[in-house]
Amino acid sequence: MFDQLTERLSETLRRVAGKAALTEDNIQDTLREVRQALLEADVALPVVKDFIDQVRQRAVGQEVMKSLSPGQAFLKIVHAQLVGAMGDANEGLDLAAQAPAVILMAGLQGSGKTTSAAKLARMLKDKGRKVLLVSADVYRPAAIRQLETLAESIGVGFLPSEDSQRPIDIAREALQAARVKFADVLIVDTAGRLAIDTAMMAELRELHGFLNPVETLFVVDAMSGQDAAQTARAFNEAIPLTGVILAKADADSRGGAALSVRAVTGKPIKFLGVGEKTDALEPFHPDRIASRILGMGDMLSLIEEAERKLDRDKAEKLAKKIRKGGKGFDLEDFRDQLLQMRSMGGLSAMLDKLPGMGGLAQAAQAKVDTGMFVRMEAIINSMTPRERRDPDMLNGSRKRRIMQGSGTTIQDLNRLLKQFKQMQKMMKKMGNKGAMQNMMRGMGGMMPPGAGFPPRR
């Protein structure tokens with residue numbers, strides 16, 4: 001996420017951070033590069049101009065010139081300005097209303113609106129809310145079926161609708177059904193178009209006027225850059241938005257939308273869509289995103305994600321085996337670690353949130369074969385329980401059976417066994433003094449040949 005902007009800004013600010021003193025000349029040079037980085041990230045020009053002016057005012061004053069570490073002080077100013085541009089703090093949903101609280105989803109066609117509605121429903125369900133989903137997109141019957149399928153997959157209520165109905169009639173039935181079913185939240189998905197048009201806006205105004213939603217969320221494709229902010233502003237002029245969801249943020253290497261939307265519309269970004277699965281929705285924390293953009297990591301989000309997605313019992317079981325130097329660690333444990341890593345977005349997503357690891361995240365994404373983890377899981381699943389506990393018993397005939405069962409090659413199987421052995425060795429080291437250093441040194445063993453961490457410069 002934001003890889004391009006992170007790389008440019010990190011490189012620029014790294015040079016200024018080491019300076020013993022800052023002058024107006026070297027500040028101007030740095031600001032010129034920061035400005036170029038923001039423009040290349042497709043940040044809206046007025047936002048870039050205001051950003052640079054604000055940083056310049058603070059940087060040439062006493063705050064930096066009198067600092068014991070001017071370079072670090074300058075970095076702190078840039079971080080603070082990034083946070084300010086994106087909204088200072090996370091603004092969650094305001095559902096303090098008589099049930100059912102209505103959430104209206106708006107956006108262009110293809111922005112990820114329907115998927116975001118399901119992700120939001122799952123998040124609220126996980127927090128103990130009773131949710132009902134309905135689609136008022138009568139122009140795309142496939143969108144109605146898609147939302148129904150997603151509702152079934154996450155276990156929330158869905159009100160069927162037909163493309164022959166009027167959107168306002170669907171909304172009326174949905175509101176009545178939500179009251180009868182004692183739903184806490186009603187999420188209404190609306191129709192989108194390929195571009196803003198009069199008919200769509202009139203329909204949205206009618207739905208908004210009838211439903212009187214507590215939240216009207218605009219869903220926008222993060223990869224649309226500064227266009228996202230301009231489209232959000234147009235929607236906000238038609239109906240009063242309460243917030244924005246940046247969908248497909250995991251695929252956005254630039255970051256222009258995240259830095260432009262709040263400044264252009266005045267509306268907070270409330271959530272980030274960071275994947276295709278229904279649990280891939282994160283609250284938007286400007287301070288954490290700013291830290292990630294500057295290569296400082298985001299440990300808080302990583303911890304929260306781990307608490308939400310990792311199996312505590314399995315984690316504690318593994319921790320006990322690590323403390324014993326890996327005694328009892330088998331291929332079933334190894335498979336559990338692969339599954340838990342995948343549930344958190346894979347290796348690159350985890351590295352992206354670790355301080356100073358942004359470059360490694362990009363390297364991992366470029367070099368690691370993500371299909372490798374799927375093949376490794378298939379291989380382990382094709383083994384008998386006894387073989388998983390004792391892989392040393394695997395002879396030629398057993399290996400052939402496993403390869404046929406998993407649809408893999410002997411190279412895949414041997415690579416898995418080699419990496420498992422390296423993991424066992426790493427755990428033995430971790431049982432000794434200096435466990436963390438040994439773990440970091442051994443992380444390369446979890447990656448395929450040629451995908452190790454780049455050497456330090």
# chains A, B, ... in the order shown; residues from 1 in each chain; ligands from 1
$ residues_around --residues "range 110-125 of chain A" --least-positions-apart "5" --cutoff "9 Å" --atoms "only C-alpha atoms" --output "number ranges by chain"
A: 105, 130-133, 135, 143-144, 146-147, 150-151, 154-156, 185-190, 192-194, 218-222, 245-248, 273, 276-281
$ write_last_selection --atoms "N, CA and C atoms" --output "CSV table (one decimal), in the first residue's frame"
chain,number,residue,atom,x,y,z
A,105,MET,N,-25.1,3.2,1.2
A,105,MET,CA,-23.8,3.1,0.4
A,105,MET,C,-24.0,3.8,-0.9
A,130,LYS,N,-27.0,-6.9,15.0
A,130,LYS,CA,-27.8,-7.7,14.1
A,130,LYS,C,-28.0,-6.8,12.8
A,131,VAL,N,-27.6,-7.3,11.7
A,131,VAL,CA,-27.5,-6.6,10.5
A,131,VAL,C,-28.4,-7.1,9.4
A,132,LEU,N,-29.0,-6.3,8.6
A,132,LEU,CA,-29.8,-6.7,7.5
A,132,LEU,C,-29.3,-5.9,6.3
A,133,LEU,N,-29.0,-6.7,5.2
A,133,LEU,CA,-28.5,-6.1,3.9
A,133,LEU,C,-29.6,-6.1,2.9
A,135,SER,N,-30.2,-4.7,-1.5
A,135,SER,CA,-29.7,-4.0,-2.7
A,135,SER,C,-30.8,-3.3,-3.4
A,143,ALA,N,-25.8,-7.6,-9.3
A,143,ALA,CA,-25.4,-7.0,-8.1
A,143,ALA,C,-26.2,-7.4,-6.9
A,144,ILE,N,-27.5,-7.6,-7.2
A,144,ILE,CA,-28.4,-8.1,-6.2
A,144,ILE,C,-28.0,-9.6,-5.8
A,146,GLN,N,-25.1,-10.9,-6.1
A,146,GLN,CA,-23.8,-10.9,-5.5
A,146,GLN,C,-23.9,-10.6,-4.0
A,147,LEU,N,-24.8,-9.6,-3.7
A,147,LEU,CA,-24.9,-9.2,-2.3
A,147,LEU,C,-25.6,-10.3,-1.5
A,150,LEU,N,-23.0,-12.9,-0.7
A,150,LEU,CA,-22.1,-12.4,0.3
A,150,LEU,C,-22.8,-12.4,1.7
A,151,ALA,N,-24.0,-12.1,1.7
A,151,ALA,CA,-24.8,-12.1,3.0
A,151,ALA,C,-24.9,-13.5,3.6
A,154,ILE,N,-21.4,-14.6,5.1
A,154,ILE,CA,-21.1,-14.0,6.4
A,154,ILE,C,-22.1,-14.2,7.5
A,155,GLY,N,-23.3,-14.8,7.1
A,155,GLY,CA,-24.3,-15.1,8.1
A,155,GLY,C,-25.1,-13.9,8.6
A,156,VAL,N,-25.4,-13.0,7.7
A,156,VAL,CA,-26.3,-11.9,8.1
A,156,VAL,C,-27.6,-11.9,7.2
A,185,VAL,N,-29.0,-2.7,12.5
A,185,VAL,CA,-28.5,-1.9,11.4
A,185,VAL,C,-29.0,-2.4,10.1
A,186,LEU,N,-29.5,-1.5,9.2
A,186,LEU,CA,-29.9,-1.8,7.9
A,186,LEU,C,-28.9,-1.1,6.9
A,187,ILE,N,-28.2,-1.9,6.1
A,187,ILE,CA,-27.3,-1.4,5.1
A,187,ILE,C,-27.9,-1.5,3.7
A,188,VAL,N,-28.0,-0.3,3.1
A,188,VAL,CA,-28.7,-0.3,1.8
A,188,VAL,C,-27.6,0.0,0.7
A,189,ASP,N,-27.5,-0.9,-0.2
A,189,ASP,CA,-26.6,-0.8,-1.4
A,189,ASP,C,-27.3,-0.1,-2.5
A,190,THR,N,-26.8,0.9,-3.1
A,190,THR,CA,-27.5,1.6,-4.2
A,190,THR,C,-26.8,1.4,-5.5
A,192,GLY,N,-24.9,2.3,-9.1
A,192,GLY,CA,-23.9,3.2,-9.5
A,192,GLY,C,-23.9,3.3,-11.0
A,193,ARG,N,-23.2,4.3,-11.5
A,193,ARG,CA,-23.0,4.4,-13.0
A,193,ARG,C,-21.6,4.5,-13.3
A,194,LEU,N,-21.3,4.5,-14.6
A,194,LEU,CA,-19.9,4.6,-15.0
A,194,LEU,C,-19.4,6.0,-14.8
A,218,PHE,N,-19.6,7.1,1.0
A,218,PHE,CA,-19.2,7.1,-0.4
A,218,PHE,C,-18.0,6.1,-0.5
A,219,VAL,N,-18.2,5.1,-1.4
A,219,VAL,CA,-17.2,4.1,-1.7
A,219,VAL,C,-16.5,4.5,-3.0
A,220,VAL,N,-15.2,4.6,-2.9
A,220,VAL,CA,-14.4,5.0,-4.1
A,220,VAL,C,-13.2,4.1,-4.2
A,221,ASP,N,-12.8,3.9,-5.5
A,221,ASP,CA,-11.6,3.1,-5.8
A,221,ASP,C,-10.4,3.9,-5.5
A,222,ALA,N,-9.5,3.4,-4.5
A,222,ALA,CA,-8.4,4.2,-4.1
A,222,ALA,C,-7.4,4.4,-5.3
A,245,ILE,N,-15.3,5.4,2.2
A,245,ILE,CA,-14.5,4.1,2.2
A,245,ILE,C,-13.6,4.1,1.0
A,246,LEU,N,-12.3,3.9,1.3
A,246,LEU,CA,-11.4,3.8,0.2
A,246,LEU,C,-11.2,2.3,-0.1
A,247,ALA,N,-11.9,1.8,-1.2
A,247,ALA,CA,-11.8,0.4,-1.6
A,247,ALA,C,-10.5,0.1,-2.4
A,248,LYS,N,-10.1,-1.1,-2.4
A,248,LYS,CA,-8.9,-1.6,-3.2
A,248,LYS,C,-7.6,-0.8,-2.8
A,273,GLY,N,-10.5,-0.6,2.3
A,273,GLY,CA,-10.7,-1.9,1.9
A,273,GLY,C,-9.3,-2.4,1.5
A,276,GLU,N,-9.9,-8.8,-1.0
A,276,GLU,CA,-11.2,-9.2,-1.5
A,276,GLU,C,-12.0,-9.9,-0.5
A,277,LYS,N,-11.4,-10.5,0.5
A,277,LYS,CA,-12.2,-11.2,1.5
A,277,LYS,C,-13.1,-10.3,2.4
A,278,THR,N,-14.1,-10.9,2.9
A,278,THR,CA,-15.1,-10.0,3.7
A,278,THR,C,-14.6,-9.5,5.0
A,279,ASP,N,-13.4,-10.0,5.4
A,279,ASP,CA,-12.8,-9.4,6.7
A,279,ASP,C,-11.7,-8.4,6.4
A,280,ALA,N,-11.6,-8.1,5.1
A,280,ALA,CA,-10.5,-7.2,4.7
A,280,ALA,C,-11.0,-5.7,4.7
A,281,LEU,N,-11.4,-5.3,5.8
A,281,LEU,CA,-11.8,-3.9,6.0
A,281,LEU,C,-11.2,-3.3,7.3
$ residues_around --residues "Leu95 in chain A" --least-positions-apart "4" --cutoff "12 Å" --atoms "only C-alpha atoms" --output "PDB file with N, CA and C atoms, in the first residue's frame"
ATOM      1  N   ALA A  99     -33.082   2.034  16.563  1.00  0.00           N
ATOM      2  CA  ALA A  99     -32.961   0.921  15.619  1.00  0.00           C
ATOM      3  C   ALA A  99     -34.185   0.874  14.697  1.00  0.00           C
ATOM      4  N   PRO A 100     -33.976   0.517  13.434  1.00  0.00           N
ATOM      5  CA  PRO A 100     -32.683   0.198  12.824  1.00  0.00           C
ATOM      6  C   PRO A 100     -31.931   1.452  12.364  1.00  0.00           C
ATOM      7  N   ALA A 101     -30.642   1.513  12.693  1.00  0.00           N
ATOM      8  CA  ALA A 101     -29.798   2.587  12.163  1.00  0.00           C
ATOM      9  C   ALA A 101     -29.502   2.268  10.701  1.00  0.00           C
ATOM     10  N   VAL A 102     -29.747   3.234   9.823  1.00  0.00           N
ATOM     11  CA  VAL A 102     -29.598   2.991   8.377  1.00  0.00           C
ATOM     12  C   VAL A 102     -28.263   3.522   7.875  1.00  0.00           C
ATOM     13  N   ILE A 103     -27.555   2.671   7.113  1.00  0.00           N
ATOM     14  CA  ILE A 103     -26.317   3.071   6.438  1.00  0.00           C
ATOM     15  C   ILE A 103     -26.573   2.998   4.943  1.00  0.00           C
ATOM     16  N   LEU A 124     -19.730  -5.265  11.622  1.00  0.00           N
ATOM     17  CA  LEU A 124     -20.754  -4.943  12.626  1.00  0.00           C
ATOM     18  C   LEU A 124     -21.285  -6.206  13.291  1.00  0.00           C
ATOM     19  N   ARG A 129     -23.732  -6.757  16.467  1.00  0.00           N
ATOM     20  CA  ARG A 129     -24.908  -6.086  15.915  1.00  0.00           C
ATOM     21  C   ARG A 129     -25.678  -7.035  15.001  1.00  0.00           C
ATOM     22  N   ASP A 184     -30.531  -4.256  14.200  1.00  0.00           N
ATOM     23  CA  ASP A 184     -29.876  -3.059  14.753  1.00  0.00           C
ATOM     24  C   ASP A 184     -29.470  -2.108  13.637  1.00  0.00           C
ATOM     25  N   VAL A 185     -29.022  -2.698  12.517  1.00  0.00           N
ATOM     26  CA  VAL A 185     -28.487  -1.889  11.410  1.00  0.00           C
ATOM     27  C   VAL A 185     -29.045  -2.389  10.086  1.00  0.00           C
ATOM     28  N   LEU A 186     -29.475  -1.472   9.235  1.00  0.00           N
ATOM     29  CA  LEU A 186     -29.899  -1.772   7.873  1.00  0.00           C
ATOM     30  C   LEU A 186     -28.904  -1.113   6.919  1.00  0.00           C
ATOM     31  N   ILE A 187     -28.232  -1.930   6.092  1.00  0.00           N
ATOM     32  CA  ILE A 187     -27.277  -1.400   5.114  1.00  0.00           C
ATOM     33  C   ILE A 187     -27.909  -1.487   3.727  1.00  0.00           C
ATOM     34  N   PRO A 213     -30.691   8.293   6.607  1.00  0.00           N
ATOM     35  CA  PRO A 213     -29.639   7.432   7.177  1.00  0.00           C
ATOM     36  C   PRO A 213     -28.765   8.167   8.197  1.00  0.00           C
ATOM     37  N   VAL A 214     -28.271   7.399   9.180  1.00  0.00           N
ATOM     38  CA  VAL A 214     -27.332   7.984  10.146  1.00  0.00           C
ATOM     39  C   VAL A 214     -25.942   8.074   9.536  1.00  0.00           C
ATOM     40  N   GLU A 215     -25.658   7.201   8.568  1.00  0.00           N
ATOM     41  CA  GLU A 215     -24.373   7.223   7.861  1.00  0.00           C
ATOM     42  C   GLU A 215     -24.624   7.105   6.359  1.00  0.00           C
ATOM     43  N   THR A 216     -24.053   8.014   5.596  1.00  0.00           N
ATOM     44  CA  THR A 216     -24.078   7.936   4.131  1.00  0.00           C
ATOM     45  C   THR A 216     -22.629   7.851   3.682  1.00  0.00           C
ATOM     46  N   THR A 242     -21.389  11.357   5.082  1.00  0.00           N
ATOM     47  CA  THR A 242     -20.822  11.388   6.434  1.00  0.00           C
ATOM     48  C   THR A 242     -19.409  10.814   6.454  1.00  0.00           C
TER      49      THR A 242
END
$ closest_residue --among "A:Phe284, A:Phe420, A:Phe74, A:Phe210" --to "Gln337 in chain A" --atoms "only C-alpha atoms"
A:Phe420
$ residues_around --residues "Glu33 in chain A" --least-positions-apart "6" --cutoff "9 Å" --atoms "only C-alpha atoms" --output "PyMOL selection string"
chain A and resi 8-9+12
$ residues_around --residues "Met393 in chain A" --least-positions-apart "6" --cutoff "12 Å" --atoms "only C-alpha atoms" --output "MDAnalysis selection string"
chainID A and resid 383:387 399 417
$ write_last_selection --atoms "C-alpha atoms" --output "mmCIF file, in the first residue's frame"
data_model
loop_
_atom_site.group_PDB
_atom_site.id
_atom_site.type_symbol
_atom_site.label_atom_id
_atom_site.label_comp_id
_atom_site.auth_asym_id
_atom_site.auth_seq_id
_atom_site.Cartn_x
_atom_site.Cartn_y
_atom_site.Cartn_z
ATOM 1 C CA MET A 383 -0.020 -36.557 4.082
ATOM 2 C CA THR A 384 -1.302 -38.958 6.711
ATOM 3 C CA PRO A 385 -1.360 -37.706 10.345
ATOM 4 C CA ARG A 386 1.612 -39.983 11.073
ATOM 5 C CA GLU A 387 3.615 -38.531 8.161
ATOM 6 C CA LYS A 399 6.379 -39.047 -1.766
ATOM 7 C CA LEU A 417 10.688 -30.405 3.791
#
$ atom_distance --atom1 "CA of Val264 in chain A" --atom2 "CA of Leu75 in chain A"
24.4 Å
$ atom_distance --atom1 "CA of Val180 in chain A" --atom2 "CA of Arg166 in chain A"
21.4 Å
$ select_by_dssp --residues "range 10-116 of chain A" --states "helix (DSSP H, G or I)" --output "MDAnalysis selection string"
chainID A and resid 10:17 24:40 45:59 62:65 70:86 113:116
$ residues_around --residues "Ala136 in chain A" --least-positions-apart "3" --cutoff "10 Å" --atoms "only C-alpha atoms" --output "list in words"
Tyr139, Arg140, Pro141, Ala143, Ile144, Pro160, Ser161, Glu162, Asp163, Gln165, Arg166, Pro167, Ile168, Asp169, Ile170, Ala171, Ala174, Val188, Asp189, Thr190, Ala191 and Leu207 of chain A
$ closest_residue --among "A:Pro391, A:Pro46, A:Gly157, A:Gly209" --to "Ala229 in chain A" --atoms "only C-alpha atoms"
A:Pro46
$ atom_distance --atom1 "CA of Pro286 in chain A" --atom2 "CA of Gln81 in chain A"
10.4 Å
$ closest_residue --among "A:Ser382, A:Met426, A:Lys421, A:Ala97" --to "Thr408 in chain A" --atoms "only C-alpha atoms"
A:Ser382
$ residues_around --residues "Ile402 in chain A" --least-positions-apart "4" --cutoff "9 Å" --atoms "only C-alpha atoms" --output "ChimeraX atom specification"
/A:379-383,397-398,406-408,413
$ write_last_selection --atoms "C-alpha atoms" --output "PDB file, in the first residue's frame"
ATOM      1  CA  ILE A 379       1.209 -31.106   0.174  1.00  0.00           C
ATOM      2  CA  ILE A 380       0.735 -31.250   3.949  1.00  0.00           C
ATOM      3  CA  ASN A 381      -2.985 -31.987   3.551  1.00  0.00           C
ATOM      4  CA  SER A 382      -2.099 -34.954   1.317  1.00  0.00           C
ATOM      5  CA  MET A 383      -0.020 -36.557   4.082  1.00  0.00           C
ATOM      6  CA  SER A 397       6.543 -44.364  -2.712  1.00  0.00           C
ATOM      7  CA  ARG A 398       5.046 -42.130  -0.008  1.00  0.00           C
ATOM      8  CA  SER A 406      -1.579 -32.566  -4.069  1.00  0.00           C
ATOM      9  CA  GLY A 407      -0.878 -32.058  -7.788  1.00  0.00           C
ATOM     10  CA  THR A 408       2.675 -30.886  -7.058  1.00  0.00           C
ATOM     11  CA  LEU A 413       7.821 -31.409  -1.796  1.00  0.00           C
TER      12      LEU A 413
END
